[in-house]
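As structure tokens, the structure follows; a few thoughts come after it.
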Amino acid sequence: MASCVRRNIEAHINELLNHFPSVVLEGARQVGKSTLAAHAAPDGSVLLNLDRQETRDAAISDPEGFVAAAGDGTLVIDEIQRVPALTLAIKALIDADRRPGRFLLTGSSSLLRVRGTADSLAGRAARVRLYGLSQGEMRSSLDDLVHSVIQNPNALVEASSTCSSRRQERATSSPSR
């Protein structure tokens with residue numbers, strides 16, 4: 001089995017789960033939202049994927065029971081945009097108990113833009129936008145510009161001059177048209 005690339009944003013998601021009742025992980029298809037949610041979810045979390053028809057049917061038939069599935073733990077709902085009406089049941093549970101880390105939701109669409117979404121969860125959820133792998137993640141290193149510049153103040157100047165030199169080399173070595 002291939003190993004997963006560690007996402008640098010995972011620590012931020014864990015921090016948000018310690019402070020907000022819900023975290024919504026949004027991003028384009030195939031950027032790793034489901035995998036990241038599974039890794040970031042605390043031990044003992046319940047993971048439910050709305051891509052599965054039987055899971056979707058259960059969510060539609062009993063939204064309140066569905067979102068209460070994790071009890072006192074964290075409920076991870078993957079592909080929340082597939083049953084946007086669940087947001088009302090999530091809102092009700094959060095309003096009754098604002099304990100942090102209750103829900104980790106993933107979706108390929110912003111909940112604010114999905115037709116049929118009953119509630120945006122504003123004030124109840126932290127939103128995180130996930131993008132494709134960064135250069136640092138592909139090299140298994142942390143992307144931290146501020147820390148890098150503090151450690152090596154000349155790093156930006158060196159990187160800029162290297163890029164300028166490469167551009168100049170390409171421009172002078174290109175055949176003229």
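Ordered as shown in the structure tokens, chains take letters A, B, and onward, while each chain numbers its residues from 1 and ligands are numbered from 1 in the order shown.
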Which residues, written as a CSV table (one decimal) with all heavy atoms, in the first residue's frame, have at least one atom at most 9 Å from Thr106 (chain A), with only C-alpha atoms counted and residues fewer than 4 positions away on the same chain left out?
chain,number,residue,atom,x,y,z
A,23,VAL,N,-15.8,21.8,11.7
A,23,VAL,CA,-14.8,22.3,10.7
A,23,VAL,C,-15.3,21.8,9.4
A,23,VAL,O,-15.6,20.6,9.3
A,23,VAL,CB,-13.4,21.8,11.1
A,23,VAL,CG1,-12.4,22.2,10.0
A,23,VAL,CG2,-12.9,22.4,12.4
A,24,VAL,N,-15.3,22.7,8.4
A,24,VAL,CA,-15.7,22.3,7.1
A,24,VAL,C,-14.5,22.4,6.2
A,24,VAL,O,-13.9,23.4,6.0
A,24,VAL,CB,-16.8,23.3,6.5
A,24,VAL,CG1,-17.2,22.9,5.1
A,24,VAL,CG2,-18.1,23.3,7.5
A,25,LEU,N,-14.2,21.3,5.6
A,25,LEU,CA,-13.0,21.1,4.7
A,25,LEU,C,-13.5,21.1,3.3
A,25,LEU,O,-14.2,20.2,2.9
A,25,LEU,CB,-12.2,19.9,5.1
A,25,LEU,CG,-10.9,19.6,4.4
A,25,LEU,CD1,-9.9,20.7,4.6
A,25,LEU,CD2,-10.4,18.3,5.0
A,26,GLU,N,-13.2,22.2,2.6
A,26,GLU,CA,-13.7,22.4,1.2
A,26,GLU,C,-12.6,22.4,0.2
A,26,GLU,O,-11.5,22.8,0.5
A,26,GLU,CB,-14.5,23.7,1.1
A,26,GLU,CG,-15.7,23.8,2.0
A,26,GLU,CD,-16.3,25.2,2.0
A,26,GLU,OE1,-15.6,26.2,1.9
A,26,GLU,OE2,-17.5,25.2,2.3
A,27,GLY,N,-12.9,22.0,-1.0
A,27,GLY,CA,-11.9,22.0,-2.0
A,27,GLY,C,-12.3,21.3,-3.3
A,27,GLY,O,-13.4,20.6,-3.3
A,33,LYS,N,-9.3,15.7,0.4
A,33,LYS,CA,-10.1,16.1,1.5
A,33,LYS,C,-10.5,14.9,2.4
A,33,LYS,O,-10.4,14.9,3.6
A,33,LYS,CB,-11.4,16.8,1.0
A,33,LYS,CG,-11.2,18.1,0.3
A,33,LYS,CD,-12.5,18.7,-0.2
A,33,LYS,CE,-13.3,17.8,-1.1
A,33,LYS,NZ,-12.7,17.5,-2.4
A,34,SER,N,-11.0,13.8,1.7
A,34,SER,CA,-11.4,12.6,2.5
A,34,SER,C,-10.3,12.0,3.2
A,34,SER,O,-10.4,11.6,4.4
A,34,SER,CB,-12.0,11.6,1.5
A,34,SER,OG,-13.1,12.1,0.8
A,37,ALA,N,-9.3,14.3,6.1
A,37,ALA,CA,-10.3,14.2,7.2
A,37,ALA,C,-10.1,13.0,8.0
A,37,ALA,O,-10.2,13.0,9.3
A,37,ALA,CB,-11.7,14.3,6.6
A,76,VAL,N,-17.4,12.5,11.3
A,76,VAL,CA,-16.8,13.0,10.0
A,76,VAL,C,-17.9,12.6,9.0
A,76,VAL,O,-18.2,11.5,8.8
A,76,VAL,CB,-15.5,12.3,9.7
A,76,VAL,CG1,-14.9,12.8,8.4
A,76,VAL,CG2,-14.5,12.6,10.8
A,77,ILE,N,-18.4,13.6,8.3
A,77,ILE,CA,-19.3,13.4,7.2
A,77,ILE,C,-18.6,13.8,5.9
A,77,ILE,O,-18.3,15.0,5.7
A,77,ILE,CB,-20.6,14.2,7.4
A,77,ILE,CG1,-21.3,13.8,8.7
A,77,ILE,CG2,-21.6,13.9,6.2
A,77,ILE,CD1,-22.5,14.6,9.0
A,78,ASP,N,-18.3,12.9,5.1
A,78,ASP,CA,-17.6,13.1,3.8
A,78,ASP,C,-18.6,13.3,2.7
A,78,ASP,O,-19.6,12.6,2.6
A,78,ASP,CB,-16.8,11.9,3.5
A,78,ASP,CG,-15.7,12.1,2.4
A,78,ASP,OD1,-15.5,13.3,2.1
A,78,ASP,OD2,-15.2,11.1,1.9
A,79,GLU,N,-18.4,14.4,1.9
A,79,GLU,CA,-19.3,14.8,0.8
A,79,GLU,C,-20.6,15.3,1.3
A,79,GLU,O,-21.7,14.9,0.8
A,79,GLU,CB,-19.4,13.6,-0.2
A,79,GLU,CG,-18.1,13.1,-0.8
A,79,GLU,CD,-17.4,14.1,-1.7
A,79,GLU,OE1,-18.0,15.1,-2.1
A,79,GLU,OE2,-16.3,13.8,-2.0
A,80,ILE,N,-20.6,16.2,2.2
A,80,ILE,CA,-21.8,16.8,2.8
A,80,ILE,C,-22.7,17.4,1.8
A,80,ILE,O,-23.9,17.5,2.0
A,80,ILE,CB,-21.4,17.8,4.0
A,80,ILE,CG1,-22.6,18.3,4.7
A,80,ILE,CG2,-20.6,19.0,3.4
A,80,ILE,CD1,-23.2,17.4,5.6
A,81,GLN,N,-22.1,17.9,0.7
A,81,GLN,CA,-23.0,18.6,-0.3
A,81,GLN,C,-24.0,17.6,-1.0
A,81,GLN,O,-24.9,18.0,-1.6
A,81,GLN,CB,-22.1,19.2,-1.4
A,81,GLN,CG,-21.6,18.3,-2.5
A,81,GLN,CD,-20.3,17.6,-2.1
A,81,GLN,OE1,-19.8,17.7,-1.0
A,81,GLN,NE2,-19.8,16.7,-3.0
Review point. Which residue gives the smallest distance to Ala122 (chain A) among A:Ala59, A:Ser22, A:Asp51, A:Ser45, with only C-alpha atoms counted?
Key: A:Ser22
Review point. Ala70 (chain A): which residues within 7 Å, counting only C-alpha atoms, same-chain residues fewer than 3 positions away excluded, as a list in words?
Key: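 Once the adjacent positions are removed, what remains is Ser45, Val46, Gly73, Thr74 and Leu75 of chain A.
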Check your understanding: In terms of the shortest atom-to-atom distance over only C-alpha atoms, which of A:Ala41, A:Ala125, A:Val83, A:Gly65 is closest to Gln53 (chain A)?
Key ->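 Among the listed residues, the smallest separation from Gln53 (chain A) belongs to A:Val83.
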Exercise for review: Excluding Leu36 (chain A) and any residue of its chain fewer than 2 positions from it, enumerate the residues within 12 Å of it, using only C-alpha atoms, and give them as a ChimeraX atom specification.
Suggested key: /A:4-14,24-27,30-34,38-42,76,78,104-106,128,130-133
Practice item. For region 90-98 of chain A, please output as a list of chain:residue names all residues within 6 Å (counting only C-alpha atoms; exclusion window: fewer than 2 positions along the same chain). Key: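 Here the qualifying residues turn out to be A:Pro21, A:Thr87, A:Leu88.
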Exercise for review: For CA of Gly71 (chain A) and CA of Leu50 (chain A), quote the distance in Å rounded to one decimal.
Suggested key: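 The value is 18.8 Å.
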Check your understanding: Where does DSSP see strand (DSSP E) in region 8-129 of chain A, if you list the residues as a ChimeraX atom specification?
Key -> /A:22-27,46-49,75-78,103-107,125-129
Taking N, CA and C atoms for each residue, export the selection above as a PDB file, in the first residue's frame.
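Result file out-v6.pdb:
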ATOM      1  N   SER A  22     -17.597  22.706  14.681  1.00  0.00           N
ATOM      2  CA  SER A  22     -17.545  22.058  13.372  1.00  0.00           C
ATOM      3  C   SER A  22     -16.445  22.677  12.526  1.00  0.00           C
ATOM      4  N   VAL A  23     -15.812  21.839  11.733  1.00  0.00           N
ATOM      5  CA  VAL A  23     -14.829  22.306  10.749  1.00  0.00           C
ATOM      6  C   VAL A  23     -15.288  21.780   9.399  1.00  0.00           C
ATOM      7  N   VAL A  24     -15.349  22.683   8.419  1.00  0.00           N
ATOM      8  CA  VAL A  24     -15.749  22.320   7.067  1.00  0.00           C
ATOM      9  C   VAL A  24     -14.519  22.393   6.187  1.00  0.00           C
ATOM     10  N   LEU A  25     -14.152  21.260   5.610  1.00  0.00           N
ATOM     11  CA  LEU A  25     -12.992  21.150   4.732  1.00  0.00           C
ATOM     12  C   LEU A  25     -13.501  21.137   3.296  1.00  0.00           C
ATOM     13  N   GLU A  26     -13.237  22.233   2.575  1.00  0.00           N
ATOM     14  CA  GLU A  26     -13.749  22.392   1.214  1.00  0.00           C
ATOM     15  C   GLU A  26     -12.595  22.409   0.221  1.00  0.00           C
ATOM     16  N   GLY A  27     -12.884  21.975  -0.991  1.00  0.00           N
ATOM     17  CA  GLY A  27     -11.875  22.030  -2.038  1.00  0.00           C
ATOM     18  C   GLY A  27     -12.328  21.288  -3.269  1.00  0.00           C
ATOM     19  N   VAL A  46     -16.418   8.699  14.197  1.00  0.00           N
ATOM     20  CA  VAL A  46     -17.272   7.947  13.278  1.00  0.00           C
ATOM     21  C   VAL A  46     -17.160   8.618  11.919  1.00  0.00           C
ATOM     22  N   LEU A  47     -16.787   7.845  10.885  1.00  0.00           N
ATOM     23  CA  LEU A  47     -16.637   8.375   9.532  1.00  0.00           C
ATOM     24  C   LEU A  47     -17.761   7.851   8.655  1.00  0.00           C
ATOM     25  N   LEU A  48     -18.519   8.763   8.048  1.00  0.00           N
ATOM     26  CA  LEU A  48     -19.621   8.391   7.167  1.00  0.00           C
ATOM     27  C   LEU A  48     -19.443   9.085   5.824  1.00  0.00           C
ATOM     28  N   ASN A  49     -19.581   8.319   4.738  1.00  0.00           N
ATOM     29  CA  ASN A  49     -19.361   8.839   3.401  1.00  0.00           C
ATOM     30  C   ASN A  49     -20.681   8.890   2.639  1.00  0.00           C
ATOM     31  N   LEU A  75     -17.992  13.323  14.560  1.00  0.00           N
ATOM     32  CA  LEU A  75     -18.609  12.722  13.384  1.00  0.00           C
ATOM     33  C   LEU A  75     -17.993  13.357  12.143  1.00  0.00           C
ATOM     34  N   VAL A  76     -17.395  12.526  11.303  1.00  0.00           N
ATOM     35  CA  VAL A  76     -16.842  12.984  10.035  1.00  0.00           C
ATOM     36  C   VAL A  76     -17.856  12.629   8.961  1.00  0.00           C
ATOM     37  N   ILE A  77     -18.364  13.648   8.270  1.00  0.00           N
ATOM     38  CA  ILE A  77     -19.310  13.421   7.168  1.00  0.00           C
ATOM     39  C   ILE A  77     -18.606  13.840   5.890  1.00  0.00           C
ATOM     40  N   ASP A  78     -18.301  12.853   5.064  1.00  0.00           N
ATOM     41  CA  ASP A  78     -17.607  13.090   3.805  1.00  0.00           C
ATOM     42  C   ASP A  78     -18.631  13.347   2.705  1.00  0.00           C
ATOM     43  N   PHE A 103     -18.006  17.973  14.718  1.00  0.00           N
ATOM     44  CA  PHE A 103     -18.178  17.596  13.314  1.00  0.00           C
ATOM     45  C   PHE A 103     -16.975  18.013  12.486  1.00  0.00           C
ATOM     46  N   LEU A 104     -16.587  17.129  11.582  1.00  0.00           N
ATOM     47  CA  LEU A 104     -15.599  17.443  10.543  1.00  0.00           C
ATOM     48  C   LEU A 104     -16.285  17.078   9.235  1.00  0.00           C
ATOM     49  N   LEU A 105     -16.577  18.091   8.440  1.00  0.00           N
ATOM     50  CA  LEU A 105     -17.349  17.915   7.208  1.00  0.00           C
ATOM     51  C   LEU A 105     -16.459  18.164   5.999  1.00  0.00           C
ATOM     52  N   THR A 106     -16.629  17.365   4.957  1.00  0.00           N
ATOM     53  CA  THR A 106     -15.889  17.623   3.721  1.00  0.00           C
ATOM     54  C   THR A 106     -16.873  17.821   2.583  1.00  0.00           C
ATOM     55  N   GLY A 107     -16.456  18.601   1.604  1.00  0.00           N
ATOM     56  CA  GLY A 107     -17.297  18.798   0.441  1.00  0.00           C
ATOM     57  C   GLY A 107     -16.539  19.423  -0.712  1.00  0.00           C
ATOM     58  N   ALA A 125     -19.086  26.975  12.440  1.00  0.00           N
ATOM     59  CA  ALA A 125     -18.085  26.155  11.755  1.00  0.00           C
ATOM     60  C   ALA A 125     -16.931  27.015  11.257  1.00  0.00           C
ATOM     61  N   ALA A 126     -15.744  26.468  11.378  1.00  0.00           N
ATOM     62  CA  ALA A 126     -14.566  27.074  10.751  1.00  0.00           C
ATOM     63  C   ALA A 126     -14.431  26.439   9.373  1.00  0.00           C
ATOM     64  N   ARG A 127     -14.117  27.251   8.390  1.00  0.00           N
ATOM     65  CA  ARG A 127     -13.959  26.749   7.024  1.00  0.00           C
ATOM     66  C   ARG A 127     -12.482  26.713   6.650  1.00  0.00           C
ATOM     67  N   VAL A 128     -12.094  25.612   6.021  1.00  0.00           N
ATOM     68  CA  VAL A 128     -10.720  25.454   5.544  1.00  0.00           C
ATOM     69  C   VAL A 128     -10.789  25.085   4.074  1.00  0.00           C
ATOM     70  N   ARG A 129     -10.094  25.837   3.249  1.00  0.00           N
ATOM     71  CA  ARG A 129     -10.029  25.553   1.810  1.00  0.00           C
ATOM     72  C   ARG A 129      -8.778  24.725   1.564  1.00  0.00           C
TER      73      ARG A 129
END
Check your understanding: So which bits of region 16-99 of chain A end up alpha helix (DSSP H) when you DSSP the backbone, as a PyMOL selection string?
Key -> chain A and resi 16-17+33-40+53-61+63-67+86-96
With N, CA and C atoms retained, could you export that selection as a compact mmCIF listing (two decimals), in the first residue's frame?
# COMPACT_ATOMS: atom_id res chain seq x y z
N LEU A 16 -8.26 23.82 14.92
CA LEU A 16 -9.63 24.31 14.74
C LEU A 16 -10.64 23.37 15.40
N LEU A 17 -10.40 22.05 15.31
CA LEU A 17 -11.30 21.09 15.96
C LEU A 17 -11.29 21.26 17.48
N LYS A 33 -9.30 15.72 0.37
CA LYS A 33 -10.15 16.09 1.51
C LYS A 33 -10.53 14.88 2.36
N SER A 34 -10.96 13.81 1.72
CA SER A 34 -11.40 12.62 2.47
C SER A 34 -10.25 12.00 3.24
N THR A 35 -9.12 11.89 2.59
CA THR A 35 -7.94 11.30 3.24
C THR A 35 -7.49 12.17 4.41
N LEU A 36 -7.44 13.47 4.19
CA LEU A 36 -7.02 14.39 5.24
C LEU A 36 -8.00 14.34 6.41
N ALA A 37 -9.30 14.31 6.13
CA ALA A 37 -10.30 14.25 7.20
C ALA A 37 -10.11 12.97 8.03
N ALA A 38 -9.87 11.86 7.35
CA ALA A 38 -9.67 10.60 8.07
C ALA A 38 -8.43 10.66 8.96
N HIS A 39 -7.37 11.31 8.49
CA HIS A 39 -6.14 11.43 9.28
C HIS A 39 -6.29 12.43 10.41
N ALA A 40 -7.01 13.52 10.16
CA ALA A 40 -7.15 14.58 11.17
C ALA A 40 -8.17 14.24 12.24
N GLN A 53 -24.77 5.10 -1.40
CA GLN A 53 -26.22 5.27 -1.48
C GLN A 53 -26.92 4.94 -0.17
N GLU A 54 -26.54 3.84 0.48
CA GLU A 54 -27.22 3.45 1.72
C GLU A 54 -26.97 4.47 2.84
N THR A 55 -25.79 5.09 2.83
CA THR A 55 -25.50 6.14 3.82
C THR A 55 -26.33 7.38 3.52
N ARG A 56 -26.43 7.73 2.25
CA ARG A 56 -27.25 8.87 1.84
C ARG A 56 -28.71 8.65 2.21
N ASP A 57 -29.21 7.45 1.97
CA ASP A 57 -30.60 7.12 2.30
C ASP A 57 -30.86 7.28 3.81
N ALA A 58 -29.90 6.83 4.61
CA ALA A 58 -30.04 6.95 6.07
C ALA A 58 -30.05 8.42 6.49
N ALA A 59 -29.21 9.22 5.86
CA ALA A 59 -29.15 10.65 6.19
C ALA A 59 -30.44 11.36 5.81
N ILE A 60 -31.01 10.98 4.69
CA ILE A 60 -32.25 11.62 4.21
C ILE A 60 -33.45 11.19 5.07
N SER A 61 -33.49 9.92 5.45
CA SER A 61 -34.66 9.43 6.19
C SER A 61 -34.68 9.87 7.65
N PRO A 63 -32.35 12.66 9.48
CA PRO A 63 -31.21 13.57 9.60
C PRO A 63 -30.74 13.75 11.05
N GLU A 64 -31.65 13.89 11.99
CA GLU A 64 -31.27 14.10 13.39
C GLU A 64 -30.55 12.88 13.95
N GLY A 65 -31.07 11.69 13.69
CA GLY A 65 -30.41 10.47 14.14
C GLY A 65 -29.07 10.27 13.47
N PHE A 66 -29.00 10.62 12.19
CA PHE A 66 -27.75 10.47 11.43
C PHE A 66 -26.64 11.33 12.03
N VAL A 67 -26.93 12.60 12.31
CA VAL A 67 -25.86 13.48 12.81
C VAL A 67 -25.55 13.23 14.28
N LEU A 86 -28.80 18.21 5.70
CA LEU A 86 -28.21 17.81 6.99
C LEU A 86 -27.73 19.00 7.80
N THR A 87 -27.48 20.12 7.13
CA THR A 87 -26.95 21.27 7.85
C THR A 87 -27.90 21.76 8.94
N LEU A 88 -29.21 21.64 8.75
CA LEU A 88 -30.15 22.05 9.79
C LEU A 88 -30.05 21.17 11.03
N ALA A 89 -29.89 19.86 10.82
CA ALA A 89 -29.75 18.94 11.95
C ALA A 89 -28.43 19.20 12.68
N ILE A 90 -27.38 19.49 11.91
CA ILE A 90 -26.08 19.80 12.52
C ILE A 90 -26.19 21.10 13.32
N LYS A 91 -26.84 22.09 12.75
CA LYS A 91 -27.03 23.37 13.44
C LYS A 91 -27.74 23.16 14.77
N ALA A 92 -28.81 22.37 14.76
CA ALA A 92 -29.58 22.12 15.98
C ALA A 92 -28.73 21.45 17.05
N LEU A 93 -27.93 20.47 16.66
CA LEU A 93 -27.07 19.79 17.64
C LEU A 93 -26.01 20.73 18.19
N ILE A 94 -25.42 21.55 17.32
CA ILE A 94 -24.40 22.50 17.78
C ILE A 94 -25.03 23.53 18.72
N ASP A 95 -26.22 24.02 18.38
CA ASP A 95 -26.88 25.00 19.24
C ASP A 95 -27.21 24.43 20.61
N ALA A 96 -27.46 23.13 20.68
CA ALA A 96 -27.75 22.48 21.96
C ALA A 96 -26.47 22.17 22.74
Review point. For His19 (chain A), which residue out of A:Val149, A:Ser141, A:Gly101, A:Arg124 is the nearest one, using only C-alpha atoms?
Key: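 So, comparing all the options, the nearest one is A:Gly101.
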